[in-house]
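Asks: Once you've had a glance at the structure underneath, I'll fire off some questions.
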Amino acid sequence: MAKLIFYSQFVVLGVACFGIGLHYAYFRTMRLRYPGCWDSLRRPSVFNGGWSLLTSLRVIRFLWRKDYQEFRDEQFNRFSRLVAGYNILFLVLFVLFAGAVLVRL
């Protein structure tokens with residue numbers, strides 16, 4: 001079990017690094033194509049200090065309610081679904097990892 005936890009921390013780290021890049025690209029695309037939407041979400045950003053709890057909740061609500069569909073941009077809609085799916089997958093992965101660590105303690 002200890003080896004599994006040891007190696008799974010690298011999987012979680014790798015998936016998290018992928019997510020940082022994914023969110024960076026998503027917010028950049030949103031800023032360039034739909035600046036009004038980007039502004040209404042309080043200018044979310046991964047690296048420029050634009051990431052607060054309130055901003056996170058706004059972005060999650062935007063993705064959960066599928067507000068991106070109003071743009072009728074199929075490429076952006078696919079990108080939004082990818083980000084939403086990633087967020088769910090990462091949450092499940094993180095909960096499983098945290099549960100395994102807590103059980104081990």
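Labels used: A, B, ... for chains in the order of the structure tokens, numbers from 1 for residues in each chain, and numbers from 1 for ligands as shown.
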Determine which residues of chain A receive a DSSP assignment of alpha helix (DSSP H), computed from the backbone, and state them as a PyMOL selection string.

Replies: chain A and resi 2-33+35-40+53-64+74-104

Asks: Need the shell around Thr29 in chain A: protein/DNA/RNA residues with any atom at most 12 Å away, counting only C-alpha atoms. Skip same-chain ones fewer than 4 positions apart. Format as an NGL selection string?

Replies: :A and (22-25 or 33-35 or 37-38 or 44-45 or 73 or 75-77 or 79-80)

Asks: Please indicate the distance in Å from CA of Val59 in chain A to CA of Val92 in chain A, rounded to one decimal place.

Replies: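 If I compute the distance from CA of Val59 in chain A to CA of Val92 in chain A, I get 18.5 Å.
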
Asks: For Val12 in chain A, work out the shell of residues within 9 Å, counting only C-alpha atoms and skipping chain neighbours fewer than 5 positions away, then give it as an MDAnalysis selection string.

Replies: chainID A and resid 17 90 93:94 97

Asks: Skipping near chain neighbours, those fewer than 5 positions away, what residues fall within 9 Å of Gly21 in chain A using only C-alpha atoms, listed as a VMD selection string?

Replies: chain A and resid 16 26 46

Asks: Go ahead and save the picked residues with C-alpha atoms, as a tab-separated table (two decimals), in the first residue's frame.

Replies:
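The resulting file, result_14.tsv, is reproduced below:
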```tsv
chain	number	residue	atom	x	y	z
A	16	ALA	CA	-2.29	18.66	-11.79
A	26	TYR	CA	-8.68	27.91	-21.66
A	46	VAL	CA	-3.66	30.86	-13.50
```

Asks: Show me, as a list in words, the residues that have an atom within 8 Å of range 39-43 of chain A when counting only C-alpha atoms, minus same-chain residues fewer than 5 positions from it.

Replies: Arg31, Gly50, Thr55, Arg58 and Val59 of chain A

Asks: Expressed in Å to a single decimal, how great is the separation between CA of Glu70 in chain A and CA of Gly85 in chain A?

Replies: 19.0 Å

Asks: At what distance in Å, to one decimal, does CA of Phe62 in chain A lie from CA of Gly36 in chain A?

Replies: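 It comes out at 13.4 Å.
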